[in-house]
$ cat model29.cif   # mmCIF, C-alpha atoms and all ligand atoms
data_data
#
loop_
_atom_site.label_atom_id
_atom_site.label_comp_id
_atom_site.auth_asym_id
_atom_site.auth_seq_id
_atom_site.Cartn_x
_atom_site.Cartn_y
_atom_site.Cartn_z
CA MET A 26 101.69 89.36 88.13
CA LYS A 27 100.94 85.97 86.57
CA LYS A 28 99.80 83.30 89.00
CA SER A 29 101.50 79.93 89.17
CA VAL A 30 99.42 76.89 88.33
CA PHE A 31 100.89 75.39 91.52
CA ASP A 32 99.42 78.17 93.69
CA LEU A 33 96.63 76.15 95.30
CA ASP A 34 94.27 79.11 95.78
CA PHE A 35 94.57 79.90 92.08
CA GLN A 36 94.70 76.25 91.00
CA ASN A 37 91.42 75.45 92.71
CA THR A 38 89.63 78.22 90.80
CA SER A 39 91.11 77.29 87.41
CA VAL A 40 90.37 74.11 85.50
CA GLU A 41 93.34 74.80 83.17
CA SER A 42 95.70 74.90 86.15
CA ARG A 43 94.31 71.65 87.51
CA ILE A 44 94.83 69.99 84.12
CA ILE A 45 98.47 71.15 84.09
CA ALA A 46 98.98 70.06 87.71
CA SER A 47 97.56 66.65 86.72
CA LEU A 48 99.96 66.38 83.78
CA GLU A 49 102.80 67.17 86.18
CA ARG A 50 101.67 64.36 88.51
CA ILE A 51 101.59 61.97 85.56
CA SER A 52 105.06 63.04 84.44
CA GLN A 53 106.24 62.40 88.01
CA ALA A 54 104.81 58.88 87.80
CA PHE A 55 106.70 58.34 84.54
CA ARG A 56 109.91 59.45 86.24
CA VAL A 57 109.33 57.10 89.21
CA LEU A 58 108.55 54.11 87.00
CA LEU A 59 111.55 54.80 84.75
CA TRP A 60 113.78 55.09 87.77
CA GLN A 61 112.51 51.81 89.24
CA GLU A 62 112.93 50.02 85.92
CA GLY A 63 116.48 51.36 85.59
CA MET A 64 117.40 50.28 89.13
CA GLU A 65 116.49 46.68 88.29
CA HIS A 66 119.03 46.65 85.47
CA SER A 67 121.59 49.07 86.96
CA LEU A 68 120.72 51.69 84.35
CA SER A 69 119.96 55.41 84.65
CA PRO A 70 116.58 56.68 83.40
CA ILE A 71 118.15 58.19 80.25
CA GLN A 72 119.93 54.91 79.53
CA VAL A 73 116.56 53.10 79.74
CA GLN A 74 114.94 55.71 77.47
CA ALA A 75 117.78 55.43 74.95
CA LEU A 76 117.52 51.62 74.83
CA ILE A 77 113.75 51.80 74.26
CA PHE A 78 114.18 54.43 71.54
CA LEU A 79 116.88 52.36 69.81
CA LEU A 80 114.63 49.28 69.92
CA HIS A 81 111.76 50.98 68.11
CA HIS A 82 113.33 53.42 65.63
CA SER A 83 115.04 53.11 62.27
CA GLU A 84 118.77 53.44 61.55
CA GLU A 85 118.71 57.07 60.41
CA LYS A 86 117.33 58.04 63.84
CA ARG A 87 119.82 55.90 65.78
CA LYS A 88 122.58 58.52 65.79
CA VAL A 89 123.97 60.70 68.57
CA SER A 90 122.78 63.99 67.05
CA TYR A 91 119.23 62.69 66.55
CA LEU A 92 119.11 61.25 70.09
CA ALA A 93 120.35 64.58 71.48
CA ASP A 94 117.45 66.39 69.77
CA GLU A 95 114.97 63.67 70.69
CA PHE A 96 115.79 63.90 74.41
CA ASN A 97 116.60 67.64 74.43
CA MET A 98 120.12 66.97 75.69
CA THR A 99 123.57 67.96 74.53
CA LYS A 100 125.50 65.69 72.19
CA ALA A 101 128.16 65.33 74.90
CA THR A 102 125.59 63.99 77.40
CA ILE A 103 124.16 61.54 74.88
CA SER A 104 127.68 60.43 73.86
CA ASP A 105 128.37 59.63 77.53
CA THR A 106 125.12 57.65 77.73
CA ILE A 107 126.05 55.68 74.60
CA LYS A 108 129.58 55.09 75.91
CA SER A 109 128.19 53.68 79.13
CA LEU A 110 125.73 51.42 77.26
CA GLU A 111 128.63 50.20 75.12
CA GLN A 112 130.71 49.39 78.22
CA LYS A 113 127.75 47.36 79.49
CA LYS A 114 127.71 45.56 76.12
CA LEU A 115 124.14 46.66 75.40
CA ILE A 116 124.89 48.53 72.16
CA LYS A 117 127.51 48.50 69.42
CA LYS A 118 128.54 51.24 67.01
CA GLU A 119 128.71 50.92 63.24
CA PHE A 120 131.01 53.63 61.91
CA ASP A 121 130.36 55.35 58.58
CA PRO A 122 133.38 54.53 56.31
CA ARG A 123 133.02 58.01 54.68
CA ASP A 124 133.03 59.83 58.03
CA THR A 125 134.61 57.97 60.92
CA ARG A 126 133.21 60.46 63.47
CA SER A 127 129.67 59.39 62.56
CA TYR A 128 128.10 56.09 63.56
CA VAL A 129 124.78 54.23 63.75
CA ILE A 130 123.92 52.63 67.08
CA HIS A 131 122.73 49.03 67.15
CA LEU A 132 121.41 47.10 70.13
CA THR A 133 123.27 43.89 70.95
CA ALA A 134 121.23 40.73 71.72
CA LYS A 135 121.63 41.52 75.44
CA GLY A 136 120.59 45.14 74.79
CA LYS A 137 117.48 44.03 72.86
CA ASN A 138 116.51 41.70 75.67
CA ILE A 139 116.76 44.44 78.30
CA ALA A 140 115.10 47.02 76.02
CA ASN A 141 112.15 44.66 75.48
CA LYS A 142 111.75 44.23 79.25
CA THR A 143 112.19 47.88 80.19
CA ALA A 144 109.86 49.05 77.38
CA LEU A 145 106.98 47.73 79.51
CA PHE A 146 107.65 50.31 82.25
CA ALA A 147 104.60 52.39 81.27
CA GLN A 148 102.08 49.52 81.31
CA GLN A 149 100.46 50.83 84.49
CA PHE A 150 99.05 53.75 82.51
CA LEU A 151 97.20 51.48 80.08
CA ALA A 152 94.55 50.15 82.46
CA PRO A 153 92.86 53.49 83.27
CA VAL A 154 93.16 54.70 79.66
CA GLU A 155 91.61 51.48 78.34
CA LYS A 156 88.63 52.04 80.63
CA LEU A 157 87.81 55.44 79.09
CA HIS A 158 84.82 55.82 76.78
CA ASN A 159 85.86 55.93 73.12
CA ASP A 160 84.82 59.60 72.75
CA ASP A 161 86.90 60.51 75.80
CA LYS A 162 89.91 58.68 74.32
CA GLN A 163 89.52 60.64 71.06
CA ASN A 164 89.26 63.96 72.89
CA LEU A 165 92.16 63.12 75.18
CA LEU A 166 94.40 62.11 72.26
CA LEU A 167 93.55 65.26 70.26
CA SER A 168 94.07 67.50 73.29
CA LEU A 169 97.46 65.93 74.05
CA ILE A 170 98.51 66.25 70.39
CA GLU A 171 97.60 69.96 70.49
CA ILE A 172 99.69 70.42 73.65
CA ILE A 173 102.65 68.61 72.06
CA ARG A 174 102.28 70.72 68.89
CA HIS A 175 102.39 73.92 70.95
CA LEU A 176 105.46 72.70 72.88
CA ASN A 177 107.15 71.89 69.58
CA GLU A 178 106.27 75.25 68.03
CA THR A 179 107.70 77.03 71.05
CA ASP A 180 110.93 74.93 70.82
CA ILE A 181 110.41 73.15 74.15
CA ILE A 182 110.15 69.76 72.47
CA THR A 183 112.58 69.78 69.56
CA ILE A 184 111.47 66.65 67.79
CA GLN A 185 108.08 65.13 67.27
CA ARG A 186 106.78 62.92 64.50
CA MET A 187 103.02 63.37 64.54
CA CYS A 188 100.42 63.75 61.78
CA PHE A 189 99.71 67.45 62.37
CA THR A 190 103.21 68.44 61.21
CA CYS A 191 103.61 65.84 58.46
CA SER A 192 103.78 66.67 54.75
CA TYR A 193 101.46 63.71 54.05
CA TYR A 194 98.75 65.09 56.34
CA GLN A 195 95.63 66.86 55.09
CA VAL A 196 92.72 68.20 57.11
CA SER A 197 89.27 69.17 55.85
CA GLU A 198 88.10 72.81 56.02
CA SER A 199 85.91 71.97 58.99
CA GLY A 200 88.97 70.52 60.74
CA LYS A 201 87.02 67.34 61.45
CA LYS A 202 88.35 65.01 58.74
CA HIS A 203 91.97 63.91 58.73
CA PHE A 204 93.70 62.27 55.76
CA CYS A 205 97.10 60.65 55.15
CA LYS A 206 98.31 60.98 51.56
CA LEU A 207 100.96 58.29 52.08
CA LEU A 208 98.53 55.66 53.37
CA ASN A 209 95.90 57.14 51.02
CA GLN A 210 93.22 56.84 53.66
CA GLU A 211 91.18 58.86 56.06
CA LEU A 212 92.46 58.75 59.62
CA LYS A 213 89.94 58.50 62.42
CA ARG A 214 90.71 60.78 65.35
CA THR A 215 91.91 57.75 67.32
CA GLU A 216 94.26 56.85 64.44
CA LEU A 217 96.21 60.12 64.46
CA ARG A 218 99.83 59.25 65.21
CA VAL A 219 102.22 60.82 67.69
CA ASP A 220 105.33 58.88 66.56
CA CYS A 221 105.04 57.77 62.94
CA PRO A 222 107.97 56.03 61.21
CA ASP A 223 106.97 57.63 57.88
CA HIS A 224 106.61 61.18 59.18
CA ILE A 225 108.21 63.92 57.07
CA PHE A 226 108.14 67.51 58.30
CA ALA A 227 105.74 69.61 56.27
CA LYS A 228 108.23 72.47 56.55
CA GLN A 229 111.49 72.72 58.35
CA LYS A 230 111.72 75.23 61.16
CA ASP A 231 114.13 78.17 60.69
S1 LIG A 301 102.79 59.52 57.13
FE1 LIG A 301 102.38 59.08 59.31
S2 LIG A 301 102.55 61.06 60.36
FE2 LIG A 301 102.34 61.47 58.15
S3 LIG A 301 100.12 61.82 57.90
FE3 LIG A 301 100.56 59.67 57.42
S4 LIG A 301 100.19 58.57 59.36
FE4 LIG A 301 100.39 60.77 59.86
#

$ encode --input "model29.cif" --output "structure tokens"
Amino acid sequence: MKKSVFDLDFQNTSVESRIIASLERISQAFRVLLWQEGMEHSLSPIQVQALIFLLHHSEEKRKVSYLADEFNMTKATISDTIKSLEQKKLIKKEFDPRDTRSYVIHLTAKGKNIANKTALFAQQFLAPVEKLHNDDKQNLLLSLIEIIRHLNETDIITIQRMCFTCSYYQVSESGKKHFCKLLNQELKRTELRVDCPDHIFAKQKD
């Protein structure tokens, strides 16, 4: 029988399990900070996440179906979130004249103001990361990107916009040199992106 990474006897003999347990602790910290930030503005965590996403992403991504995939939620749940943000006058909808069921979501001035404030909720994580040696930052970033790629390939994270799955991305045979054909430049390991506005899927999943 497989052992759980949360089984302490097993965990303390397995570095992989301790890494996963550490990621879980970090994700818990994200949840706590999101919750606290939301409480200050009478918003739920998903409402805070939606506002931050809307603040930093282009129009074609600011639609209910895209948000549902982004947050791995149903369209109905995201529609409720958007409805609630609209009632709070934080967003407004711009309907498509060719299809009145479809709309782009825009932040109002009040919504932008709150999104800018709440987007700082993760600042506490910056201090320890900034203190890392540059080589450790590179290794950490690459390792996290590999974990995200695996989670995407196994359909746990539906959407990601990182270099490794982009049609503009090229890697040398040795796997050590990374290149962006759009920017027409080599990307250092610390320059690999996890959320690129120009990302285009190299191939669509079935
Ligand atoms: S377009 Fe963006 S995601 Fe694609 S390779 Fe270039 S930097 Fe990476």

$ residues_near_ligand --input "model29.cif" --ligand "ligand LIG 301 (chain A)" --cutoff "10 Å" --atoms "all atoms listed in the file" --output "PyMOL selection string"
chain A and resi 185-196+203-212+216-227

$ closest_residue --input "model29.cif" --among "A:Asn141, A:Lys213, A:Thr102, A:His131" --to "A:Leu167" --atoms "all atoms listed in the file"
A:Lys213

$ residues_around --input "model29.cif" --residues "stretch 121-123 of chain A" --least-positions-apart "4" --cutoff "12 Å" --atoms "only C-alpha atoms" --output "number ranges by chain"
A: 85, 88, 127-130

$ closest_residue --input "model29.cif" --among "A:Leu59, A:Thr183, A:Val30, A:Ala54" --to "A:Lys142" --atoms "all atoms listed in the file"
A:Leu59

$ residues_around --input "model29.cif" --residues "A:Val89" --least-positions-apart "3" --cutoff "8 Å" --atoms "all atoms listed in the file" --output "VMD selection string"
chain A and resid 92 to 93 100 103 to 104 128

$ atom_distance --input "model29.cif" --atom1 "atom CA of A:Leu58" --atom2 "atom CA of A:His158"
25.9 Å

$ residues_near_point --input "model29.cif" --point "(108.1, 53.0, 75.9)" --cutoff "8 Å" --atoms "all atoms listed in the file" --output "number ranges by chain"
A: 74, 77-78, 143-147

$ atom_distance --input "model29.cif" --atom1 "atom CA of A:Asp161" --atom2 "atom CA of A:Ala46"
19.5 Å

$ atom_distance --input "model29.cif" --atom1 "atom CA of A:Lys86" --atom2 "atom CA of A:Lys118"
13.5 Å

$ closest_residue --input "model29.cif" --among "A:Ser199, A:Lys113, A:Phe31, A:Ala101" --to "A:Leu48" --atoms "all atoms listed in the file"
A:Phe31

$ closest_residue --input "model29.cif" --among "A:Glu62, A:Glu49, A:Asp94, A:Glu41" --to "A:Ala140" --atoms "all atoms listed in the file"
A:Glu62

$ residues_around --input "model29.cif" --residues "stretch 168-173 of chain A" --least-positions-apart "3" --cutoff "8 Å" --atoms "all atoms listed in the file" --output "mmCIF file with C-alpha atoms, in the frame of the given file"
data_model
loop_
_atom_site.group_PDB
_atom_site.id
_atom_site.type_symbol
_atom_site.label_atom_id
_atom_site.label_comp_id
_atom_site.auth_asym_id
_atom_site.auth_seq_id
_atom_site.Cartn_x
_atom_site.Cartn_y
_atom_site.Cartn_z
ATOM 1 C CA ASN A 164 89.260 63.960 72.890
ATOM 2 C CA LEU A 165 92.160 63.120 75.180
ATOM 3 C CA LEU A 176 105.460 72.700 72.880
ATOM 4 C CA ASN A 177 107.150 71.890 69.580
ATOM 5 C CA ILE A 182 110.150 69.760 72.470
ATOM 6 C CA MET A 187 103.020 63.370 64.540
ATOM 7 C CA VAL A 219 102.220 60.820 67.690
#

$ residues_around --input "model29.cif" --residues "A:Ser29" --least-positions-apart "2" --cutoff "12 Å" --atoms "all atoms listed in the file" --output "list in words"
Met26, Lys27, Phe31, Asp32, Leu33, Asp34, Phe35, Gln36, Asn37, Ser39, Glu41, Ser42, Arg43, Ile45 and Ala46 of chain A

$ write_last_selection --input "model29.cif" --atoms "C-alpha atoms" --output "mmCIF file, in the coordinates of the input"
data_model
loop_
_atom_site.group_PDB
_atom_site.id
_atom_site.type_symbol
_atom_site.label_atom_id
_atom_site.label_comp_id
_atom_site.auth_asym_id
_atom_site.auth_seq_id
_atom_site.Cartn_x
_atom_site.Cartn_y
_atom_site.Cartn_z
ATOM 1 C CA MET A 26 101.690 89.360 88.130
ATOM 2 C CA LYS A 27 100.940 85.970 86.570
ATOM 3 C CA PHE A 31 100.890 75.390 91.520
ATOM 4 C CA ASP A 32 99.420 78.170 93.690
ATOM 5 C CA LEU A 33 96.630 76.150 95.300
ATOM 6 C CA ASP A 34 94.270 79.110 95.780
ATOM 7 C CA PHE A 35 94.570 79.900 92.080
ATOM 8 C CA GLN A 36 94.700 76.250 91.000
ATOM 9 C CA ASN A 37 91.420 75.450 92.710
ATOM 10 C CA SER A 39 91.110 77.290 87.410
ATOM 11 C CA GLU A 41 93.340 74.800 83.170
ATOM 12 C CA SER A 42 95.700 74.900 86.150
ATOM 13 C CA ARG A 43 94.310 71.650 87.510
ATOM 14 C CA ILE A 45 98.470 71.150 84.090
ATOM 15 C CA ALA A 46 98.980 70.060 87.710
#
